[in-house]
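One structure below.
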Amino acid sequence: MANIDIDLGKYSLGWSDPEKNVFKPEKGLNEDIIRKMSEIKEEPEWMLEYRLDAYKKFLKKPMPEWVAKEKLESLDFDDIYYYIKPTEGQADSWDMVPDEIKETYEKLGIPQAERSYLAGVTAQYESEVVYHKNREDLEELGVLFCDMDTAVREYPELVKEYFGTVIPSADNKFAALNSAVWSGGSFIYVPKGVHIEDPLQAYFRINAENMGQFERTLILVDEGASVHYIEGCSAPVYTTDALHSAVVEIVVKASGKCRYTTIQNWSNDVFNLVTKRAQAYGNATMEWIDANIGSSLTVKYPSVYLMEPGAHGEVLSVAFANSEQHQDTGAKMVHLAPDTTSLITSKSISKGGGRGAYRGLVRVEDGAETAKSFVRCDALILDDNSRSDTYPYMEIEESTAEIGHEATVSKVGEDQLFYLMSRGLSEEEATSMIVAGFVEEFTKTLPMEYAMEFNKLIEINMIEAGAVG
Amino acid sequence: MNKKIIEKKLRSKDSSNFTDLTSRDEDWKYVSLQSDINNLELGKNTNLETTEGFDLDANGSSYIVNKQKEGLSLTDFLEIEKPVIEESHKRPVDKFLFQQITKATGGFRADVSSDIEDYFKINFQSKENTIPYMGLNIEKNKSAKFFINFGNLVESNLYPLIEINLEANSNLEMIIQVTSNHEINLINSIYAKLEKDAGLSIHMVSTGGAFSRSRIDVDLFGNGSNFNIDGVYFGENKQTHDNRVFVNHLGQNTTSNMQTKGVLGDESTSIFTGTIHIAEGATKTESHQENRNILLSEKASAQSVPNMEILCDDVICGHGSSVGPIDENLYHYVMSRGINKEKAEKLLIKGFFNEVINKDSWDIINKEISSELIAKYDNVLERSSNG
């Protein structure tokens, strides 16, 4: 990424390859499809039962009414493929990956990324992971990093112990749907005391028209261990709605540390309805770093349950809502133990008629003594058609807890623009620069290649919808 | 009010349009709802006492004017032919408000046609559950002050429905004080509509009742209109203080300011939710919202949800909210001057409220409220040291 010239123009990440699938069931969902799916995946009986049970819960759960009602009503669950198996067998070396899929990754820059920098690549292509290779030194440390389907087969005890414990299938309608039809996603186990220096990475794409993707990720960070996981998404541009509904569960044991970075750039017709939750135990740290640029609708509130004393949670959320986009993002912090701390920073930008919303919850249970939490929300609103909402919920049951929340909404400062333009920048360039500065807190957490890519994406977003101002 | 007015207000909604309210409803969240909220059982008050120091006594069925004010004319509820507000712009009607509108038991409309410089003081009393209606209309360029008291004579549930219309360049200052020492539910629904350059200031005190709630919807219609609300609340025993303030900035150059502060002791709880809504085209809006809570006792709790919905770019808007014990640094500062912890806490609680109640506009109730708040604080302290 750093050494190659990637064109990140509007359509460069939005293409699709001719579909070449071995198995393609009909649209819609029923118990038979779930059974078939489970059979093809050679899953143990408990997983099939878990899926079928979750399916029943999915049918019972109502659609959420408090967010993007109109958009959600347009979602037709019968018009979605719930499982597609892309190629026969799983590739264990790069040569075995089909050419067209390789080309796809070429555009995303994955081969270079792997050679030059990244620890391991798990690329998800139409539901199931097609290529996965772990760096050998990680294997020596006892780190397990594979796709979720493999994990169910190879590490059944570990998976069974934690799967669905952080996010039960009855949590919400979309978590229930994912629990019923999940496919792919990553499984990571970092053993006690192991620190993984470089970030682990996975790329996801949705390829077939009306293709839903329901990946399921489980990350277990054992005592005193640490890991940084990066997830980036891009998708081909299609006109009908595609649904992406992932579930990510993370358990960080005592004194462990986990950072989960997401750069979400689905094409603008995707519904991105994701449940992400982590449990942090004694003195552990969990950080969600979450950027949302793409999709038609994103509903996502990464959360941290602070289970034991000293646990710390952080969410840094960046959302860019452009024309016809609704980014409903935020964070949840649930303080369950004394001396727990949390920090939420949210930056949202609305432009061209887009709607950006921060929706968050800080809950301090009785007995979580001297818990501390601070929430900071800043929103930039770039024109008169756009909208910026802030819905911060604070529920405090503990008298010694200290909770603060501050928020501001503003437009780009005229004096800032004037300053930059007096130095020869055009209004567009100046605005881009101010927006990049506004989200710098986020970009500086990223590895350099990602930071460059992200700044480029912001720039494209600023310019593609015409003149600013 | 006549049927026609009621129909107009409800825009052809009838009771079948409304589902029962539960604490799952956003507007009633965090409230442990009594079932009667969905089916208000009302009575009729007969004995109306005249209370000293007040200009008007009202009990939800009737009212007595003790002292006439020049420039103020009152119309009995049953004789109102024109409501002070024909139609609200953004005010949502739920099952509770629907009942208030359709079942209002009495009240009056007040029209102000010349400036009222001293507070016009209204004392509410009730022995049976009632829905008093109060419509206020301030004519163009005029200003008025109203003081509404829900004191110890409020002995049963009261569900006041208050509508305020401020014509161009008019001004209203209003104190709403809930101090009843009875275990009652006081549920206010207040709606205000402001024309060009009009100004509304509401000062709220909530220390009484078992459940004291004010839902305030303000439409800043006219360009240059402004709304200010400040308030204090103190919870003891199992009290709930529930304040919901919704400000809609619809005109240009409008401003709003909210500042509410509360202390919660024993097992009391407070709810503050508010929404600043800035409509498309409402440029040059400036809006600030602040809610601060101190939790004194282990079982006290506070919920704070300061929302913003902004559909316009040329605005200055911000909010701050906090829940926590008294700042350790402040303790340190006061105690380093030789004051013991107990006294320091009292001093700091006083100071916490003083930021609101020491403002000029609080003058007429400042002393009374200050000692009421401290008395409540002493109660909480005594209970906690006893057990």
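Ligands are numbered from 1 in the order shown, chains are lettered A, B, ... in the order of the structure tokens, and residues start at 1 in each chain.
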List the neighbours of Ala110 (chain B) out to 7 Å using only C-alpha atoms; skip same-chain residues closer than 4 positions along the sequence, and give me the result as a ChimeraX atom specification.
-> /B:72-75,135-137
Between chain A and chain B, at 8 Å or less, what are the per-residue closest atom pairs and their distances in Å? Count only C-alpha atoms, order by chain and rising residue number, and return it as JSON lines.
```
{"residue": "A:Asp366", "atom": "CA", "partner": "B:Lys299", "partner_atom": "CA", "distance": 7.4}
{"residue": "A:Ile381", "atom": "CA", "partner": "B:Asp313", "partner_atom": "CA", "distance": 5.3}
{"residue": "A:Leu382", "atom": "CA", "partner": "B:Asp313", "partner_atom": "CA", "distance": 6.1}
{"residue": "A:Asp383", "atom": "CA", "partner": "B:Asp313", "partner_atom": "CA", "distance": 5.3}
{"residue": "A:Asp384", "atom": "CA", "partner": "B:Cys312", "partner_atom": "CA", "distance": 4.7}
{"residue": "A:Asn385", "atom": "CA", "partner": "B:Leu311", "partner_atom": "CA", "distance": 6.6}
{"residue": "A:Ser386", "atom": "CA", "partner": "B:Leu311", "partner_atom": "CA", "distance": 5.7}
{"residue": "A:Arg387", "atom": "CA", "partner": "B:Leu311", "partner_atom": "CA", "distance": 4.2}
{"residue": "A:Ser388", "atom": "CA", "partner": "B:Ile310", "partner_atom": "CA", "distance": 4.9}
{"residue": "A:Asp389", "atom": "CA", "partner": "B:Glu309", "partner_atom": "CA", "distance": 4.2}
{"residue": "A:Thr390", "atom": "CA", "partner": "B:Met308", "partner_atom": "CA", "distance": 4.8}
{"residue": "A:Tyr391", "atom": "CA", "partner": "B:Asn307", "partner_atom": "CA", "distance": 4.6}
{"residue": "A:Pro392", "atom": "CA", "partner": "B:Val305", "partner_atom": "CA", "distance": 5.4}
{"residue": "A:Tyr393", "atom": "CA", "partner": "B:Val305", "partner_atom": "CA", "distance": 4.7}
{"residue": "A:Met394", "atom": "CA", "partner": "B:Ser304", "partner_atom": "CA", "distance": 5.0}
{"residue": "A:Glu395", "atom": "CA", "partner": "B:Gln303", "partner_atom": "CA", "distance": 4.5}
{"residue": "A:Ile396", "atom": "CA", "partner": "B:Ala302", "partner_atom": "CA", "distance": 5.2}
{"residue": "A:Glu397", "atom": "CA", "partner": "B:Ser301", "partner_atom": "CA", "distance": 4.4}
{"residue": "A:Glu398", "atom": "CA", "partner": "B:Glu298", "partner_atom": "CA", "distance": 6.4}
{"residue": "A:Ser399", "atom": "CA", "partner": "B:Leu295", "partner_atom": "CA", "distance": 4.8}
{"residue": "A:Thr400", "atom": "CA", "partner": "B:Pro325", "partner_atom": "CA", "distance": 5.5}
{"residue": "A:Ala401", "atom": "CA", "partner": "B:Gly324", "partner_atom": "CA", "distance": 5.2}
{"residue": "A:Glu402", "atom": "CA", "partner": "B:Gly324", "partner_atom": "CA", "distance": 4.2}
{"residue": "A:Ile403", "atom": "CA", "partner": "B:Val323", "partner_atom": "CA", "distance": 5.0}
{"residue": "A:Gly404", "atom": "CA", "partner": "B:Ser322", "partner_atom": "CA", "distance": 4.3}
{"residue": "A:His405", "atom": "CA", "partner": "B:Ser321", "partner_atom": "CA", "distance": 5.0}
{"residue": "A:Glu406", "atom": "CA", "partner": "B:Gly320", "partner_atom": "CA", "distance": 4.4}
{"residue": "A:Ala407", "atom": "CA", "partner": "B:His319", "partner_atom": "CA", "distance": 5.3}
{"residue": "A:Thr408", "atom": "CA", "partner": "B:Gly318", "partner_atom": "CA", "distance": 4.2}
{"residue": "A:Val409", "atom": "CA", "partner": "B:Cys317", "partner_atom": "CA", "distance": 5.3}
{"residue": "A:Ser410", "atom": "CA", "partner": "B:Ile316", "partner_atom": "CA", "distance": 5.7}
{"residue": "A:Lys411", "atom": "CA", "partner": "B:Asp313", "partner_atom": "CA", "distance": 5.5}
```
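Distance annotation: of B:Thr240, B:Gln177, B:Asn123, B:Gln99, the residue with the minimal separation from Asn66 (chain B) is B:Asn123; atom set is only C-alpha atoms.
Among the candidates B:Val334, B:Asn329, B:Leu381, B:Gly151, the one nearest to Asn237 (chain B) when counting only C-alpha atoms is B:Leu381.
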Close residues, Val251 (chain A) itself excluded, 9 Å, only C-alpha atoms, min 2 positions apart in chain, as number ranges by chain | A: 162, 166, 218-222, 249, 253, 258, 277-281, 286
Which neighbours of Ile230 (chain A) fall inside 9 Å, counting only C-alpha atoms, when residues of the same chain fewer than 4 positions from it are skipped, and could you give them as a ChimeraX atom specification?
-> /A:199-203,259-263
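Those residues that approach Asn358 (chain B) to within 12 Å, counting only C-alpha atoms, are His203, Asp230, Gly231, Val232, Lys350, Gly351, Phe352, Ile364, Ile365, Asn366, Lys367, Glu368, Ile369 and Ser370 of chain B; same-chain residues fewer than 6 positions away are not listed.
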Output N, CA and C atoms for every residue in that selection, as a PDB file, in the first residue's frame.
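Just written: selection31.pdb:
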```
ATOM      1  N   HIS B 203     -38.387  29.151  35.178  1.00  0.00           N
ATOM      2  CA  HIS B 203     -37.545  28.754  36.307  1.00  0.00           C
ATOM      3  C   HIS B 203     -38.285  27.667  37.064  1.00  0.00           C
ATOM      4  N   ASP B 230     -34.105  27.341  33.459  1.00  0.00           N
ATOM      5  CA  ASP B 230     -33.156  26.859  34.445  1.00  0.00           C
ATOM      6  C   ASP B 230     -33.950  26.241  35.576  1.00  0.00           C
ATOM      7  N   GLY B 231     -33.337  25.308  36.242  1.00  0.00           N
ATOM      8  CA  GLY B 231     -34.099  24.633  37.277  1.00  0.00           C
ATOM      9  C   GLY B 231     -33.222  23.894  38.260  1.00  0.00           C
ATOM     10  N   VAL B 232     -33.805  23.674  39.427  1.00  0.00           N
ATOM     11  CA  VAL B 232     -33.135  22.860  40.438  1.00  0.00           C
ATOM     12  C   VAL B 232     -34.099  21.787  40.921  1.00  0.00           C
ATOM     13  N   LYS B 350     -24.694  23.886  48.551  1.00  0.00           N
ATOM     14  CA  LYS B 350     -25.282  25.229  48.440  1.00  0.00           C
ATOM     15  C   LYS B 350     -24.747  25.947  47.202  1.00  0.00           C
ATOM     16  N   GLY B 351     -23.455  25.883  47.061  1.00  0.00           N
ATOM     17  CA  GLY B 351     -22.808  26.540  45.929  1.00  0.00           C
ATOM     18  C   GLY B 351     -23.248  25.966  44.601  1.00  0.00           C
ATOM     19  N   PHE B 352     -23.450  24.656  44.605  1.00  0.00           N
ATOM     20  CA  PHE B 352     -23.893  23.955  43.400  1.00  0.00           C
ATOM     21  C   PHE B 352     -25.231  24.522  42.913  1.00  0.00           C
ATOM     22  N   ILE B 364     -37.470  36.445  43.973  1.00  0.00           N
ATOM     23  CA  ILE B 364     -38.618  36.344  44.878  1.00  0.00           C
ATOM     24  C   ILE B 364     -38.713  34.997  45.596  1.00  0.00           C
ATOM     25  N   ILE B 365     -38.049  33.971  45.085  1.00  0.00           N
ATOM     26  CA  ILE B 365     -38.131  32.690  45.793  1.00  0.00           C
ATOM     27  C   ILE B 365     -36.780  32.209  46.298  1.00  0.00           C
ATOM     28  N   ASN B 366     -35.769  32.964  45.973  1.00  0.00           N
ATOM     29  CA  ASN B 366     -34.405  32.529  46.278  1.00  0.00           C
ATOM     30  C   ASN B 366     -34.209  32.053  47.724  1.00  0.00           C
ATOM     31  N   LYS B 367     -34.607  32.884  48.680  1.00  0.00           N
ATOM     32  CA  LYS B 367     -34.354  32.555  50.095  1.00  0.00           C
ATOM     33  C   LYS B 367     -35.102  31.302  50.514  1.00  0.00           C
ATOM     34  N   GLU B 368     -36.378  31.292  50.137  1.00  0.00           N
ATOM     35  CA  GLU B 368     -37.238  30.179  50.497  1.00  0.00           C
ATOM     36  C   GLU B 368     -36.702  28.861  49.922  1.00  0.00           C
ATOM     37  N   ILE B 369     -36.322  28.918  48.644  1.00  0.00           N
ATOM     38  CA  ILE B 369     -35.838  27.711  47.972  1.00  0.00           C
ATOM     39  C   ILE B 369     -34.516  27.264  48.580  1.00  0.00           C
ATOM     40  N   SER B 370     -33.667  28.221  48.843  1.00  0.00           N
ATOM     41  CA  SER B 370     -32.368  27.898  49.399  1.00  0.00           C
ATOM     42  C   SER B 370     -32.529  27.141  50.730  1.00  0.00           C
TER      43      SER B 370
END
```
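Distance annotation: of B:Ile138, B:Ala144, B:Ile64, B:Ile187, the residue with the minimal separation from Ser156 (chain B) is B:Ile187; atom set is only C-alpha atoms.
Closest approach to Ser214 (chain B) among B:Asp27, B:Glu70, B:Asp378, B:Phe147 is made by B:Asp27 (distances from only C-alpha atoms).
Going from CA of Asn322 (chain A) to CA of Phe271 (chain A) covers 14.7 Å.
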Give me the residues of region 53-80 of chain A that have any atom at most 10 Å from an atom of region 297-300 of chain A; for each, the nearest atom pair and the distance in Å, rounded to one decimal. Use only C-alpha atoms, sort by chain and number, and format it as JSON lines.
```
{"residue": "A:Val67", "atom": "CA", "partner": "A:Val299", "partner_atom": "CA", "distance": 8.1}
{"residue": "A:Ala68", "atom": "CA", "partner": "A:Leu297", "partner_atom": "CA", "distance": 7.9}
{"residue": "A:Lys71", "atom": "CA", "partner": "A:Leu297", "partner_atom": "CA", "distance": 7.6}
{"residue": "A:Leu72", "atom": "CA", "partner": "A:Leu297", "partner_atom": "CA", "distance": 8.7}
```
Can I get the selected residues back with N, CA, C and O atoms, as a PDB file, in the first residue's frame?
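Final output, saved to again_17.pdb:
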```pdb
ATOM      1  N   VAL A  67     -34.790   3.320  15.129  1.00  0.00           N
ATOM      2  CA  VAL A  67     -33.731   3.806  14.235  1.00  0.00           C
ATOM      3  C   VAL A  67     -34.112   3.548  12.779  1.00  0.00           C
ATOM      4  O   VAL A  67     -34.640   2.490  12.438  1.00  0.00           O
ATOM      5  N   ALA A  68     -33.889   4.541  11.946  1.00  0.00           N
ATOM      6  CA  ALA A  68     -34.033   4.426  10.494  1.00  0.00           C
ATOM      7  C   ALA A  68     -35.209   3.553  10.077  1.00  0.00           C
ATOM      8  O   ALA A  68     -35.063   2.633   9.284  1.00  0.00           O
ATOM      9  N   LYS A  71     -35.933   3.024   6.248  1.00  0.00           N
ATOM     10  CA  LYS A  71     -34.933   2.216   5.554  1.00  0.00           C
ATOM     11  C   LYS A  71     -35.078   0.752   5.953  1.00  0.00           C
ATOM     12  O   LYS A  71     -35.035  -0.140   5.105  1.00  0.00           O
ATOM     13  N   LEU A  72     -35.242   0.521   7.252  1.00  0.00           N
ATOM     14  CA  LEU A  72     -35.338  -0.866   7.710  1.00  0.00           C
ATOM     15  C   LEU A  72     -36.596  -1.552   7.165  1.00  0.00           C
ATOM     16  O   LEU A  72     -36.582  -2.744   6.881  1.00  0.00           O
TER      17      LEU A  72
END
```
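DSSP secondary structure from the backbone places Lys95, Phe96, Leu97, Phe98, Gln99, Gln100, Ile101, Thr102 and Lys103 of chain B of region 72-254 of chain B in alpha helix (DSSP H).
For the atom pair formed by CA of Val194 (chain A) and CA of Ala331 (chain A), the distance is 28.0 Å, given to one decimal.
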Contacts of Asn181 (chain B) within 8 Å, only C-alpha atoms, excl. fewer than 6 positions in-chain, as a PyMOL selection string | chain B and resi 151-152+208-209
Export N, CA and C atoms of the chosen residues as a compact mmCIF listing (two decimals), in the first residue's frame?
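Done, and the output landed in part-v7.txt:
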```txt
# COMPACT_ATOMS: atom_id res chain seq x y z
N GLY B 151 -47.90 23.73 46.02
CA GLY B 151 -47.39 23.57 47.38
C GLY B 151 -48.16 22.51 48.15
N ASN B 152 -48.16 22.68 49.47
CA ASN B 152 -48.74 21.65 50.33
C ASN B 152 -50.25 21.47 50.21
N GLY B 208 -40.85 18.49 45.63
CA GLY B 208 -41.97 17.82 46.27
C GLY B 208 -42.56 16.69 45.45
N GLY B 209 -43.63 16.10 46.01
CA GLY B 209 -44.33 15.03 45.32
C GLY B 209 -43.59 13.72 45.37
```
Within 7 Å of Ile184 (chain B), counting only C-alpha atoms, which residues qualify if same-chain residues fewer than 2 places away don't, as a list in words?
-> Glu155, Ser156, Asn157, His182, Leu186, Gly209, Ala210 and Phe211 of chain B
